[in-house]
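Remarks on the structure that follows.
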Amino acid sequence: MSTHTITSLALLTPGNFADDDPYTGLEETLQLFEYGERLGYDGAWIRQRHLEHGVGSAAVFLAAAGQRTERIELGTAVIPIGYESPFRLAEDLALADVLSRGRLQVGFSTGMPHAELLGDLVYDGDWRGFDLSYGRIARLVDNLRGDYLGGPDTVIHSPGNVQRPRLQPHNPALVERIWYGGGSLRSVRWAAGNGLNLLSGNIVTGEDTDDFTTAQLNLLSEYRRGLGDDRTAARVALGRVIVPFDNADAATRARYRDYAASRHERTLKPQTVAALGQKRFLFAPDVVGTSEQILEQLAADPVLAQVSELRLELPYEFRREEYEQILHDVRQLIAPELGWRPAHASRSPEATTSPVPGRTSPPRPSIRDSARQT
């Protein structure tokens, strides 16, 4: 294993819910954020998804999560900027961040998934000529900085108050916690040039290579080159789908294997996605197996050695108890072997030592403890 240490461990969940019962799934996702905090995770992130059984407004969800947790970072990976008003979304994010006492980590991407269905519902007029790319994100970031609008004498009147107009609540510190989900060389150059933190997951574009690892290493190198001498000012987080077997029963292990097998073919050669044009996409294999097997795979991952922040990407359409088992096993058996230590003591220490919720067998000792015993 590399001596490079993971200092930040976060979860990323799709926020699934049933079509006829959205409340139950959303409530269970909020409970998953609470569970992650009890286990000592540093961050809990939600995907923003449109027209799917998932969270359509990350700002609304994270405002709720902020009231259910106390110290864990609350992130979104990622908000497609094409559907958003750079001013109104900045207002929502600033408000949610204040309510959480400055814990939001906000990730963006460009474009509009499902644009052919939603474009005309979101915009009046021909939206196809609008800037739905980097410029729209830059406008949102500028709005968060909270510069006054109008001239120096411009004021607005409200009951009992006269003030110079700017985005409220005024919360410019959030600008330092904006991320970009960069999958191409062009996108990481833009993120670095604009001082945004970088999210890199299990999908990248194939540029001059068909090898996922080579492509992702090139992205990290290009991003850091773009930062120049200011490399310590930005954060880089790596996303990986990691599914440990250790505390799963036989039926659940089979489900995990089937899930990974159903996604393996896409990792064998570059893929094209019709909705995203003719770009060539490369996919990383899911990391599935016992904790020992997973640690062997992570030890052979040269990209992991280049970062200090790991985002555990939870699979789509799993059940709550399966998500909890995955979080528990990664926290107990895998993350400590990567050098990670929880930065905060759990409010419920028993959460890190008791059996996985819904299971009767105690968690296995860590790999390091097993080595001591032998």
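Each chain in the structure tokens gets a letter, A, B and so on, in the order shown; residues start at 1 in every chain, and ligands are counted from 1 in the order they appear.
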
For Pro113 (chain A): contacts at 10 Å, only C-alpha atoms, fewer than 4 positions along chain excluded, given as a PyMOL selection string: chain A and resi 49-51+80+82-83+117-119+275-276

Tell me which protein, DNA and RNA residues are within 10 Å of Pro302 (chain A), counting only C-alpha atoms, leaving out same-chain ones fewer than 5 positions away, and put them as an mmCIF file with C-alpha atoms, in the first residue's frame.
```cif
data_model
loop_
_atom_site.group_PDB
_atom_site.id
_atom_site.type_symbol
_atom_site.label_atom_id
_atom_site.label_comp_id
_atom_site.auth_asym_id
_atom_site.auth_seq_id
_atom_site.Cartn_x
_atom_site.Cartn_y
_atom_site.Cartn_z
ATOM 1 C CA SER A 2 1.201 3.520 -0.795
ATOM 2 C CA THR A 213 -6.049 4.964 -15.307
ATOM 3 C CA THR A 214 -3.787 6.785 -17.744
ATOM 4 C CA GLN A 216 -7.388 9.974 -15.023
ATOM 5 C CA LEU A 217 -3.747 10.493 -14.093
ATOM 6 C CA VAL A 307 -5.009 12.136 -3.695
#
```

Selected residue, from A:Gln163, A:Glu28, A:Ile6, A:Leu268, that lies nearest to Phe318 (chain A) when counting only C-alpha atoms: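 Nearest candidate to Phe318 (chain A) out of A:Gln163, A:Glu28, A:Ile6, A:Leu268: A:Glu28.
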
Return as a short mmCIF file (atom, residue, chain, number, x, y, z; two decimals) with C-alpha atoms, in the first residue's frame the full set of residues in region 67-228 of chain A whose backbone-based DSSP assignment is alpha helix (DSSP H).
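Below you can see part.cif, which holds the result:
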```cif
data_model
loop_
_atom_site.label_atom_id
_atom_site.label_comp_id
_atom_site.auth_asym_id
_atom_site.auth_seq_id
_atom_site.Cartn_x
_atom_site.Cartn_y
_atom_site.Cartn_z
CA GLN A 67 -30.78 20.19 10.34
CA ARG A 68 -30.28 16.45 10.91
CA PRO A 86 -27.05 31.47 -11.59
CA PHE A 87 -28.60 34.02 -9.24
CA ARG A 88 -31.50 32.06 -7.76
CA LEU A 89 -29.46 28.94 -7.18
CA ALA A 90 -26.74 31.04 -5.53
CA GLU A 91 -29.42 32.37 -3.14
CA ASP A 92 -30.60 28.84 -2.29
CA LEU A 93 -27.07 27.54 -1.73
CA ALA A 94 -26.03 30.53 0.39
CA LEU A 95 -29.11 30.08 2.58
CA ALA A 96 -28.60 26.32 2.98
CA ASP A 97 -24.94 26.91 3.83
CA VAL A 98 -25.77 29.44 6.54
CA LEU A 99 -28.36 27.07 8.04
CA ALA A 115 -32.40 18.39 -22.50
CA GLU A 116 -34.69 17.23 -25.29
CA LEU A 117 -37.43 16.66 -22.70
CA LEU A 118 -36.79 19.48 -20.26
CA GLY A 119 -35.26 22.35 -22.19
CA ASP A 120 -38.57 23.86 -23.30
CA LEU A 121 -40.03 23.42 -19.80
CA VAL A 122 -37.19 25.30 -18.13
CA TYR A 134 -18.57 27.13 -17.89
CA GLY A 135 -19.74 30.71 -18.16
CA ARG A 136 -22.94 29.91 -16.32
CA ILE A 137 -20.98 28.43 -13.40
CA ALA A 138 -18.69 31.47 -13.35
CA ARG A 139 -21.74 33.73 -13.09
CA LEU A 140 -23.04 31.76 -10.11
CA VAL A 141 -19.66 31.99 -8.36
CA ASP A 142 -19.58 35.76 -8.99
CA ASN A 143 -23.05 36.05 -7.48
CA LEU A 144 -21.92 34.20 -4.36
CA ARG A 145 -19.17 36.74 -3.85
CA LEU A 185 -8.62 17.95 -20.03
CA ARG A 186 -10.46 21.10 -21.07
CA SER A 187 -12.74 20.97 -18.03
CA VAL A 188 -9.95 20.49 -15.48
CA ARG A 189 -7.98 23.35 -17.04
CA TRP A 190 -11.03 25.57 -16.61
CA ALA A 191 -11.58 24.42 -13.02
CA ALA A 192 -7.96 25.11 -12.10
CA GLY A 193 -7.95 28.48 -13.83
CA PHE A 212 -8.89 4.69 -17.81
CA THR A 213 -6.05 4.96 -15.31
CA THR A 214 -3.79 6.79 -17.74
CA ALA A 215 -6.57 9.19 -18.65
CA GLN A 216 -7.39 9.97 -15.02
CA LEU A 217 -3.75 10.49 -14.09
CA ASN A 218 -3.48 12.90 -17.03
CA LEU A 219 -6.47 14.83 -15.69
CA LEU A 220 -4.97 15.21 -12.23
CA SER A 221 -1.64 16.25 -13.67
CA GLU A 222 -3.25 18.84 -15.96
CA TYR A 223 -5.37 20.22 -13.13
CA ARG A 224 -2.39 20.65 -10.82
CA ARG A 225 -0.36 22.19 -13.60
CA GLY A 226 -3.15 24.72 -14.07
CA LEU A 227 -3.08 25.62 -10.38
#
```

Spatial neighbours of Gly36 (chain A), 12 Å, only C-alpha atoms, chain gap at least 6 places, as a ChimeraX atom specification: /A:9-13,29-30,42-45,65,68-74,312,323-331,342,346-348,351-352

From A:Pro315, A:Pro152, A:Pro244, A:Gly206, residue lying nearest Lys269 (chain A) [only C-alpha atoms]: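 Comparing A:Pro315, A:Pro152, A:Pro244, A:Gly206 against Lys269 (chain A), the winner is A:Gly206.
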
Gap from CA of Ala64 (chain A) to CA of Ile79 (chain A) - Å, one decimal: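 Distance reported for this atom pair: 17.1 Å.
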
Quick one: contact table of region 273-322 of chain A to region 246-265 of chain A, 12 Å max, nearest atom pair and distance in Å to one decimal per residue, counting only C-alpha atoms, chain and number order, as JSON lines?
```
{"residue": "A:Leu282", "atom": "CA", "partner": "A:Glu265", "partner_atom": "CA", "distance": 11.2}
{"residue": "A:Phe283", "atom": "CA", "partner": "A:His264", "partner_atom": "CA", "distance": 8.9}
{"residue": "A:Ala284", "atom": "CA", "partner": "A:His264", "partner_atom": "CA", "distance": 8.8}
{"residue": "A:Pro285", "atom": "CA", "partner": "A:His264", "partner_atom": "CA", "distance": 6.3}
{"residue": "A:Asp286", "atom": "CA", "partner": "A:Ala260", "partner_atom": "CA", "distance": 6.1}
{"residue": "A:Val287", "atom": "CA", "partner": "A:Ala260", "partner_atom": "CA", "distance": 8.3}
{"residue": "A:Val288", "atom": "CA", "partner": "A:Ala260", "partner_atom": "CA", "distance": 7.2}
{"residue": "A:Gly289", "atom": "CA", "partner": "A:Asp246", "partner_atom": "CA", "distance": 8.0}
{"residue": "A:Thr290", "atom": "CA", "partner": "A:Asp246", "partner_atom": "CA", "distance": 5.5}
{"residue": "A:Ser291", "atom": "CA", "partner": "A:Asp246", "partner_atom": "CA", "distance": 6.6}
{"residue": "A:Glu292", "atom": "CA", "partner": "A:Asp246", "partner_atom": "CA", "distance": 9.4}
{"residue": "A:Gln293", "atom": "CA", "partner": "A:Asp246", "partner_atom": "CA", "distance": 10.5}
{"residue": "A:Ile294", "atom": "CA", "partner": "A:Asp246", "partner_atom": "CA", "distance": 10.6}
{"residue": "A:Leu314", "atom": "CA", "partner": "A:Tyr256", "partner_atom": "CA", "distance": 11.6}
{"residue": "A:Pro315", "atom": "CA", "partner": "A:Tyr259", "partner_atom": "CA", "distance": 8.6}
{"residue": "A:Tyr316", "atom": "CA", "partner": "A:Tyr259", "partner_atom": "CA", "distance": 9.5}
{"residue": "A:Glu317", "atom": "CA", "partner": "A:Tyr259", "partner_atom": "CA", "distance": 10.1}
{"residue": "A:Phe318", "atom": "CA", "partner": "A:Tyr256", "partner_atom": "CA", "distance": 9.4}
{"residue": "A:Arg319", "atom": "CA", "partner": "A:Thr252", "partner_atom": "CA", "distance": 10.3}
{"residue": "A:Glu321", "atom": "CA", "partner": "A:Ala248", "partner_atom": "CA", "distance": 9.9}
{"residue": "A:Glu322", "atom": "CA", "partner": "A:Thr252", "partner_atom": "CA", "distance": 7.9}
```

All strand (DSSP E or B) residues (DSSP, backbone) inside region 217-349 of chain A, as a list in words: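 Residues of region 217-349 of chain A classed as strand (DSSP E or B): Val236, Ala237, Leu238, Gly239, Arg240, Ile242, Val243, Pro244, Gln271, Phe281, Leu282, Phe283, Val287, Val288, Gly289, Glu309, Leu310, Arg311, Leu312 and Glu313 of chain A.
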
Those residues you just picked out, can you put them in a file as a short mmCIF file (atom, residue, chain, number, x, y, z; two decimals), in the first residue's frame with N, CA, C and O atoms?
```cif
data_model
loop_
_atom_site.label_atom_id
_atom_site.label_comp_id
_atom_site.auth_asym_id
_atom_site.auth_seq_id
_atom_site.Cartn_x
_atom_site.Cartn_y
_atom_site.Cartn_z
N VAL A 236 -8.70 18.09 -4.08
CA VAL A 236 -8.97 17.10 -5.12
C VAL A 236 -9.56 15.87 -4.44
O VAL A 236 -8.97 15.34 -3.49
N ALA A 237 -10.72 15.41 -4.91
CA ALA A 237 -11.35 14.23 -4.35
C ALA A 237 -11.55 13.19 -5.44
O ALA A 237 -11.97 13.51 -6.55
N LEU A 238 -11.25 11.95 -5.10
CA LEU A 238 -11.37 10.83 -6.03
C LEU A 238 -12.58 9.99 -5.66
O LEU A 238 -12.75 9.61 -4.49
N GLY A 239 -13.42 9.67 -6.63
CA GLY A 239 -14.58 8.82 -6.40
C GLY A 239 -14.34 7.41 -6.89
O GLY A 239 -13.82 7.20 -7.99
N ARG A 240 -14.71 6.43 -6.09
CA ARG A 240 -14.62 5.02 -6.46
C ARG A 240 -15.85 4.28 -5.91
O ARG A 240 -16.27 4.52 -4.78
N ILE A 242 -16.96 1.23 -4.24
CA ILE A 242 -16.32 0.20 -3.41
C ILE A 242 -17.41 -0.55 -2.67
O ILE A 242 -18.20 0.06 -1.93
N VAL A 243 -17.48 -1.86 -2.87
CA VAL A 243 -18.56 -2.67 -2.30
C VAL A 243 -17.96 -3.87 -1.58
O VAL A 243 -17.65 -4.90 -2.20
N PRO A 244 -17.75 -3.78 -0.26
CA PRO A 244 -17.16 -4.89 0.49
C PRO A 244 -18.19 -5.96 0.86
O PRO A 244 -19.35 -5.66 1.15
N GLN A 271 -16.65 3.93 -24.56
CA GLN A 271 -18.08 3.93 -24.83
C GLN A 271 -18.51 5.32 -25.33
O GLN A 271 -17.91 6.33 -24.97
N PHE A 281 -16.04 7.79 -23.75
CA PHE A 281 -15.99 7.73 -22.29
C PHE A 281 -15.31 6.44 -21.84
O PHE A 281 -15.56 5.36 -22.40
N LEU A 282 -14.50 6.56 -20.81
CA LEU A 282 -13.83 5.42 -20.19
C LEU A 282 -14.37 5.24 -18.78
O LEU A 282 -14.56 6.22 -18.05
N PHE A 283 -14.61 3.99 -18.40
CA PHE A 283 -15.20 3.69 -17.10
C PHE A 283 -14.23 2.86 -16.26
O PHE A 283 -13.60 1.93 -16.76
N VAL A 287 -14.99 -1.77 -7.47
CA VAL A 287 -14.07 -2.47 -6.58
C VAL A 287 -14.92 -3.29 -5.61
O VAL A 287 -15.47 -2.76 -4.64
N VAL A 288 -15.03 -4.59 -5.88
CA VAL A 288 -15.98 -5.45 -5.17
C VAL A 288 -15.24 -6.68 -4.65
O VAL A 288 -14.42 -7.26 -5.36
N GLY A 289 -15.55 -7.09 -3.41
CA GLY A 289 -14.94 -8.28 -2.85
C GLY A 289 -14.81 -8.17 -1.34
O GLY A 289 -15.43 -7.31 -0.71
N GLU A 309 -8.21 12.65 -0.59
CA GLU A 309 -9.64 12.61 -0.30
C GLU A 309 -10.31 11.54 -1.15
O GLU A 309 -10.16 11.52 -2.37
N LEU A 310 -11.07 10.67 -0.48
CA LEU A 310 -11.75 9.56 -1.15
C LEU A 310 -13.25 9.70 -0.97
O LEU A 310 -13.74 9.89 0.15
N ARG A 311 -13.98 9.61 -2.09
CA ARG A 311 -15.44 9.62 -2.07
C ARG A 311 -15.94 8.22 -2.39
O ARG A 311 -15.68 7.69 -3.47
N LEU A 312 -16.63 7.61 -1.43
CA LEU A 312 -17.20 6.29 -1.60
C LEU A 312 -18.52 6.44 -2.35
O LEU A 312 -19.51 6.93 -1.80
N GLU A 313 -18.54 6.05 -3.64
CA GLU A 313 -19.74 6.19 -4.46
C GLU A 313 -20.61 4.96 -4.27
O GLU A 313 -20.26 3.85 -4.68
#
```

Which residue of A:Leu295, A:Ala300, A:Ala233, A:Met112 approaches Leu338 (chain A) most closely, using only C-alpha atoms: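 Of the candidates, the smallest distance to Leu338 (chain A) is held by A:Leu295.
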
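For Gly75 (chain A), the list of residues within 6 Å, based on only C-alpha atoms and with local chain neighbours fewer than 6 positions off taken out, reads Trp45, Leu104, Gln105 and Val106 of chain A.
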
Option closest in space to Phe17 (chain A), from A:Arg128, A:His344, A:Arg320, A:Arg103 [counting only C-alpha atoms]: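 Looking at the shortest contact to Phe17 (chain A), the residue is A:Arg320.
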